[in-house]
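As stored in entry_1.txt (compact mmCIF, C-alpha atoms):
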# COMPACT_ATOMS: atom_id res chain seq x y z
CA MET S 1 18.39 -42.92 18.58
CA LYS S 2 18.31 -39.82 20.78
CA LYS S 3 21.24 -38.28 18.88
CA LEU S 4 19.56 -38.96 15.55
CA SER S 5 16.29 -37.27 16.59
CA CYS S 6 18.25 -34.26 17.97
CA LEU S 7 20.18 -34.01 14.71
CA ALA S 8 16.95 -34.19 12.69
CA PHE S 9 15.37 -31.49 14.87
CA LEU S 10 18.40 -29.20 14.45
CA LEU S 11 18.39 -29.77 10.70
CA ILE S 12 14.70 -28.86 10.44
CA LEU S 13 15.21 -25.81 12.66
CA THR S 14 18.15 -24.62 10.54
CA ILE S 15 16.24 -25.01 7.29
CA SER S 16 13.25 -23.15 8.77
CA CYS S 17 15.44 -20.26 9.89
CA LEU S 18 17.15 -19.98 6.52
CA SER S 19 13.88 -19.94 4.60
CA ALA S 20 11.97 -17.52 6.86
CA CYS S 21 12.99 -14.38 4.93
CA ASN S 22 11.88 -15.88 1.65
CA PHE S 23 8.57 -16.90 3.20
CA SER S 24 7.93 -13.34 4.36
CA GLN S 25 8.71 -11.90 0.91
CA ASN S 26 6.51 -14.51 -0.78
CA LEU S 27 3.63 -13.65 1.55
CA THR S 28 4.03 -9.92 0.80
CA ASP S 29 4.12 -10.63 -2.95
CA LYS S 30 0.94 -12.74 -2.74
CA LEU S 31 -0.87 -10.04 -0.74
CA GLU S 32 0.16 -7.39 -3.27
CA ASP S 33 -1.00 -9.55 -6.18
CA SER S 34 -4.43 -10.16 -4.63
CA ALA S 35 -4.93 -6.56 -3.47
CA GLN S 36 -6.96 -4.02 -5.48
CA ALA S 37 -5.28 -0.93 -4.07
CA PRO S 38 -1.79 -1.07 -5.70
CA ILE S 39 -3.28 -0.31 -9.12
CA LYS S 40 -5.41 2.45 -7.61
CA VAL S 41 -2.39 4.01 -5.83
CA ASP S 42 -0.55 4.15 -9.14
CA GLU S 43 -3.62 5.65 -10.83
CA MET S 44 -4.07 8.23 -8.04
CA MET S 45 -0.44 9.36 -8.28
CA GLY S 46 -0.79 9.78 -12.05
CA LEU S 47 -3.92 11.88 -11.64
CA LEU S 48 -2.31 14.05 -8.98
CA SER S 49 0.79 14.69 -11.08
CA GLU S 50 -1.48 15.70 -13.99
CA ASN S 51 -3.53 18.06 -11.76
CA LEU S 52 -6.81 16.18 -12.28
CA ILE S 53 -8.57 16.84 -8.96
CA ASP S 54 -12.05 15.68 -10.00
CA ASP S 55 -10.73 12.39 -11.35
CA ALA S 56 -8.63 11.90 -8.20
CA LYS S 57 -11.68 12.56 -6.02
CA SER S 58 -13.56 9.84 -7.91
CA LEU S 59 -11.09 7.29 -6.47
CA MET S 60 -12.16 8.14 -2.92
CA HIS S 61 -14.64 5.92 -1.07
CA PRO S 62 -18.26 7.16 -1.34
CA ASN S 63 -18.50 7.50 2.46
CA THR S 64 -15.38 9.69 2.72
CA SER S 65 -16.10 13.11 4.13
CA SER S 66 -15.69 15.81 1.49
CA GLU S 67 -14.77 18.40 4.12
CA GLY S 68 -11.23 19.59 3.41
CA LEU S 69 -10.82 17.10 0.57
CA ASP S 70 -10.22 19.75 -2.10
CA ASP S 71 -7.58 21.48 0.03
CA SER S 72 -5.78 18.17 0.59
CA PHE S 73 -5.69 17.42 -3.12
CA VAL S 74 -4.49 20.94 -3.91
CA GLN S 75 -1.62 20.53 -1.41
CA MET S 76 -0.54 17.18 -2.87
CA ILE S 77 -0.75 18.53 -6.43
CA ALA S 78 1.25 21.62 -5.46
CA TYR S 79 3.96 19.44 -3.92
CA LEU S 80 4.17 17.14 -6.94
CA ALA S 81 4.22 20.14 -9.31
CA GLY S 82 3.85 17.93 -12.37
CA ARG S 83 6.59 15.47 -11.34
CA GLU S 84 5.81 11.89 -12.23
CA VAL S 85 6.49 8.76 -10.22
CA LEU S 86 9.42 6.83 -11.68
CA SER S 87 9.16 3.86 -9.34
CA MET S 88 7.22 2.65 -6.32
CA GLU S 89 8.44 0.00 -3.89
CA LEU S 90 5.96 -1.64 -1.55
CA GLU S 91 7.28 -1.21 2.00
CA GLY S 92 4.29 -2.67 3.84
CA ILE S 93 0.85 -4.13 3.24
CA ASN S 94 -1.95 -5.29 5.50
CA VAL S 95 -5.15 -6.80 4.11
CA SER S 96 -8.10 -7.55 6.37
CA THR S 97 -11.58 -8.81 5.62
CA SER S 98 -14.52 -8.67 7.97
CA VAL S 99 -18.03 -10.00 7.73
CA GLY S 100 -20.79 -8.49 9.81
CA THR S 101 -24.42 -7.58 9.89
CA SER S 102 -23.70 -4.54 7.73
CA GLY S 103 -22.03 -6.69 5.05
CA ASN S 104 -18.53 -7.60 3.93
CA THR S 105 -15.64 -5.16 4.24
CA ARG S 106 -12.16 -5.53 2.81
CA GLN S 107 -9.52 -3.05 3.97
CA GLU S 108 -6.08 -2.71 2.44
CA ASP S 109 -3.42 -0.62 4.18
CA LEU S 110 -0.41 0.12 1.98
CA PHE S 111 2.86 1.94 2.47
CA TYR S 112 5.04 2.73 -0.55
CA LYS S 113 8.43 4.33 -1.13
CA ALA S 114 8.16 6.37 -4.34
CA THR S 115 10.88 7.99 -6.43
CA LEU S 116 9.79 11.05 -8.39
CA SER S 117 11.08 12.15 -11.80
CA ASP S 118 13.55 14.56 -10.14
CA ASN S 119 14.88 11.68 -7.97
CA ASN S 120 13.24 12.99 -4.78
CA VAL S 121 11.91 10.22 -2.56
CA ILE S 122 8.52 10.40 -0.86
CA TYR S 123 6.36 7.86 0.91
CA ILE S 124 2.72 7.08 0.23
CA ASN S 125 0.39 5.86 2.95
CA ALA S 126 -3.01 4.70 1.68
CA VAL S 127 -6.05 2.94 3.10
CA TYR S 128 -8.41 1.42 0.52
CA ILE S 129 -11.79 -0.03 1.47
CA ALA S 130 -14.26 -2.11 -0.52
CA ASP S 131 -17.66 -2.65 1.08
CA ASP S 132 -21.36 -2.58 0.26
CA ALA S 133 -21.26 1.23 -0.17
CA GLY S 134 -18.53 1.01 -2.83
CA ALA S 135 -14.77 0.97 -3.11
CA GLY S 136 -12.15 3.66 -2.75
CA PHE S 137 -9.58 5.34 -0.57
CA ILE S 138 -10.57 6.56 2.86
CA SER S 139 -7.08 7.92 3.36
CA PHE S 140 -4.34 8.89 0.90
CA GLN S 141 -1.25 10.68 2.19
CA LEU S 142 2.09 11.79 0.82
CA VAL S 143 4.57 11.45 3.66
CA LEU S 144 7.64 13.70 3.65
CA GLY S 145 10.64 13.64 5.91
CA VAL S 146 12.08 10.88 8.05
CA VAL S 147 10.02 7.71 8.18
If you convert what's in this file into structure tokens, what do you get?
Amino acid sequence: MKKLSCLAFLLILTISCLSACNFSQNLTDKLEDSAQAPIKVDEMMGLLSENLIDDAKSLMHPNTSSEGLDDSFVQMIAYLAGREVLSMELEGINVSTSVGTSGNTRQEDLFYKATLSDNNVIYINAVYIADDAGAGFISFQLVLGVV
């Protein structure tokens, strides 16, 4: 009886270990499907590559400080120089929801690997918040170099 229960435990442990990677990928896929930000990241990159600063600024959260915002957009647009995003791979996602006296807040932190139309690879780090004040990015960064 003891040998049978040990064998059953080892079998369950082995199956759990072999399916752990798939579980992690399924969880990431479900988070991406339920998140609002992936569509907005794609939209923001399209606006930046088309040099549409005012439209890009409209995707920012209403409470985001406008100080230095124009300069940041100009820098990202200058780097992209009209190049479009060919593909984006989600590298990481974190979704958190909080309820407090000031209302509900949903925060989505995303990290993408993006390939541009000239085959250069960049990374995108974005934080998207939806709360009582509205919805939008509080941070949107193009990350260059070693990550």
What's the separation between CA of Ile129 in chain S and CA of Ala114 in chain S, in Å to one decimal place? 21.7 Å
So how many Å separate CA of Ser117 in chain S and CA of Leu80 in chain S, to one decimal? 9.8 Å
To one decimal in Å, tell me the separation between CA of Asn125 in chain S and CA of Ala56 in chain S. 15.6 Å
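Each of S:Tyr112, S:Ser87, S:Ser96, S:Asn51 was compared to Leu142 in chain S using only C-alpha atoms, and S:Tyr112 turns out to be the nearest.
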Distance cut-off 12 Å, centre (5.8, 11.6, 5.2) in file coordinates, counting only C-alpha atoms: which residues qualify? Return them as a list of chain:residue names. S:Met76, S:Phe111, S:Tyr112, S:Lys113, S:Ala114, S:Val121, S:Ile122, S:Tyr123, S:Ile124, S:Asn125, S:Ala126, S:Phe140, S:Gln141, S:Leu142, S:Val143, S:Leu144, S:Gly145, S:Val146, S:Val147
Create the file for the chosen residues now, containing C-alpha atoms and written as a short mmCIF file (atom, residue, chain, number, x, y, z; two decimals), in the frame of the given file.
data_model
loop_
_atom_site.label_atom_id
_atom_site.label_comp_id
_atom_site.auth_asym_id
_atom_site.auth_seq_id
_atom_site.Cartn_x
_atom_site.Cartn_y
_atom_site.Cartn_z
CA MET S 76 -0.54 17.18 -2.87
CA PHE S 111 2.86 1.94 2.47
CA TYR S 112 5.04 2.73 -0.55
CA LYS S 113 8.43 4.33 -1.13
CA ALA S 114 8.16 6.37 -4.34
CA VAL S 121 11.91 10.22 -2.56
CA ILE S 122 8.52 10.40 -0.86
CA TYR S 123 6.36 7.86 0.91
CA ILE S 124 2.72 7.08 0.23
CA ASN S 125 0.39 5.86 2.95
CA ALA S 126 -3.01 4.70 1.68
CA PHE S 140 -4.34 8.89 0.90
CA GLN S 141 -1.25 10.68 2.19
CA LEU S 142 2.09 11.79 0.82
CA VAL S 143 4.57 11.45 3.66
CA LEU S 144 7.64 13.70 3.65
CA GLY S 145 10.64 13.64 5.91
CA VAL S 146 12.08 10.88 8.05
CA VAL S 147 10.02 7.71 8.18
#
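Residue nearest Ile138 in chain S within the list S:Pro62, S:Gly92, S:Gly68, S:Gly103: S:Pro62 [criterion: smallest interatomic distance, all atoms listed in the file].
The protein and nucleic acid residues lying at most 9 Å from Lys40 in chain S are Leu59, Tyr128, Gly136 and Phe137 of chain S, with all atoms listed in the file considered and sequence neighbours fewer than 6 positions away removed.
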From the block I gave, I'd like range 116-129 of chain S written with all heavy atoms, as a CSV table (one decimal), in the first residue's frame.
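Output (out-v5.csv):
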chain,number,residue,atom,x,y,z
S,116,LEU,N,10.7,46.4,-35.8
S,116,LEU,CA,10.4,47.5,-36.7
S,116,LEU,C,10.5,47.1,-38.2
S,116,LEU,O,11.1,46.1,-38.5
S,116,LEU,CB,11.2,48.8,-36.4
S,116,LEU,CG,11.1,49.3,-35.0
S,116,LEU,CD1,12.1,50.5,-34.8
S,116,LEU,CD2,9.7,49.7,-34.6
S,117,SER,N,10.0,48.0,-39.1
S,117,SER,CA,10.0,47.6,-40.5
S,117,SER,C,11.4,47.5,-41.1
S,117,SER,O,11.5,46.9,-42.2
S,117,SER,CB,9.2,48.7,-41.3
S,117,SER,OG,9.7,50.0,-41.0
S,118,ASP,N,12.4,48.0,-40.4
S,118,ASP,CA,13.8,47.8,-40.9
S,118,ASP,C,14.5,46.7,-40.2
S,118,ASP,O,15.7,46.6,-40.2
S,118,ASP,CB,14.6,49.1,-40.8
S,118,ASP,CG,14.7,49.6,-39.4
S,118,ASP,OD1,14.1,49.0,-38.5
S,118,ASP,OD2,15.5,50.6,-39.2
S,119,ASN,N,13.7,45.9,-39.5
S,119,ASN,CA,14.2,44.7,-38.7
S,119,ASN,C,15.0,45.1,-37.4
S,119,ASN,O,15.6,44.2,-36.8
S,119,ASN,CB,15.0,43.7,-39.6
S,119,ASN,CG,14.1,43.0,-40.6
S,119,ASN,OD1,12.9,42.7,-40.3
S,119,ASN,ND2,14.6,42.8,-41.8
S,120,ASN,N,15.0,46.3,-37.0
S,120,ASN,CA,15.6,46.7,-35.7
S,120,ASN,C,14.6,46.2,-34.7
S,120,ASN,O,13.4,46.3,-34.8
S,120,ASN,CB,15.8,48.2,-35.6
S,120,ASN,CG,17.1,48.6,-36.3
S,120,ASN,OD1,18.0,47.8,-36.3
S,120,ASN,ND2,17.1,49.8,-36.7
S,121,VAL,N,15.1,45.8,-33.5
S,121,VAL,CA,14.3,45.4,-32.4
S,121,VAL,C,14.4,46.4,-31.3
S,121,VAL,O,15.5,46.8,-30.9
S,121,VAL,CB,14.8,44.0,-31.9
S,121,VAL,CG1,14.1,43.6,-30.7
S,121,VAL,CG2,14.6,42.9,-33.0
S,122,ILE,N,13.3,46.8,-30.8
S,122,ILE,CA,13.2,47.6,-29.6
S,122,ILE,C,12.2,47.0,-28.6
S,122,ILE,O,11.6,46.0,-28.9
S,122,ILE,CB,12.7,49.0,-29.9
S,122,ILE,CG1,11.2,49.0,-30.5
S,122,ILE,CG2,13.6,49.8,-30.9
S,122,ILE,CD1,10.6,50.3,-30.6
S,123,TYR,N,12.2,47.5,-27.4
S,123,TYR,CA,11.3,47.0,-26.4
S,123,TYR,C,10.4,48.2,-25.9
S,123,TYR,O,10.8,49.3,-26.0
S,123,TYR,CB,12.1,46.5,-25.2
S,123,TYR,CG,12.9,45.3,-25.5
S,123,TYR,CD1,14.2,45.3,-26.1
S,123,TYR,CD2,12.3,44.0,-25.3
S,123,TYR,CE1,14.9,44.2,-26.4
S,123,TYR,CE2,13.0,42.9,-25.7
S,123,TYR,CZ,14.3,43.0,-26.2
S,123,TYR,OH,15.0,41.8,-26.6
S,124,ILE,N,9.2,47.8,-25.6
S,124,ILE,CA,8.2,48.8,-25.1
S,124,ILE,C,7.8,48.5,-23.7
S,124,ILE,O,7.4,47.3,-23.4
S,124,ILE,CB,7.0,48.8,-26.1
S,124,ILE,CG1,7.4,49.0,-27.5
S,124,ILE,CG2,5.9,49.8,-25.6
S,124,ILE,CD1,6.3,48.7,-28.5
S,125,ASN,N,7.9,49.4,-22.8
S,125,ASN,CA,7.5,49.3,-21.5
S,125,ASN,C,6.3,50.3,-21.2
S,125,ASN,O,6.5,51.5,-21.4
S,125,ASN,CB,8.7,49.6,-20.5
S,125,ASN,CG,8.4,49.3,-19.1
S,125,ASN,OD1,7.4,48.6,-18.8
S,125,ASN,ND2,9.2,49.8,-18.2
S,126,ALA,N,5.2,49.8,-20.9
S,126,ALA,CA,4.0,50.7,-20.7
S,126,ALA,C,3.2,50.3,-19.4
S,126,ALA,O,3.2,49.2,-19.0
S,126,ALA,CB,3.1,50.5,-21.9
S,127,VAL,N,2.7,51.4,-18.8
S,127,VAL,CA,1.8,51.2,-17.7
S,127,VAL,C,0.5,51.9,-18.0
S,127,VAL,O,0.5,53.1,-18.3
S,127,VAL,CB,2.5,51.8,-16.4
S,127,VAL,CG1,1.5,51.7,-15.2
S,127,VAL,CG2,3.8,51.2,-16.1
S,128,TYR,N,-0.6,51.2,-18.0
S,128,TYR,CA,-1.9,51.7,-18.4
S,128,TYR,C,-2.8,51.6,-17.1
S,128,TYR,O,-2.9,50.5,-16.5
S,128,TYR,CB,-2.4,50.8,-19.5
S,128,TYR,CG,-3.7,51.3,-20.1
S,128,TYR,CD1,-3.7,52.2,-21.2
S,128,TYR,CD2,-4.9,50.9,-19.7
S,128,TYR,CE1,-4.8,52.7,-21.8
S,128,TYR,CE2,-6.1,51.3,-20.3
S,128,TYR,CZ,-6.0,52.3,-21.3
S,128,TYR,OH,-7.2,52.7,-21.9
S,129,ILE,N,-3.5,52.7,-16.8
S,129,ILE,CA,-4.3,52.7,-15.7
S,129,ILE,C,-5.8,53.1,-16.1
S,129,ILE,O,-6.0,54.0,-16.9
S,129,ILE,CB,-3.8,53.7,-14.6
S,129,ILE,CG1,-2.6,53.2,-14.0
S,129,ILE,CG2,-4.9,54.0,-13.6
S,129,ILE,CD1,-2.1,54.0,-12.8
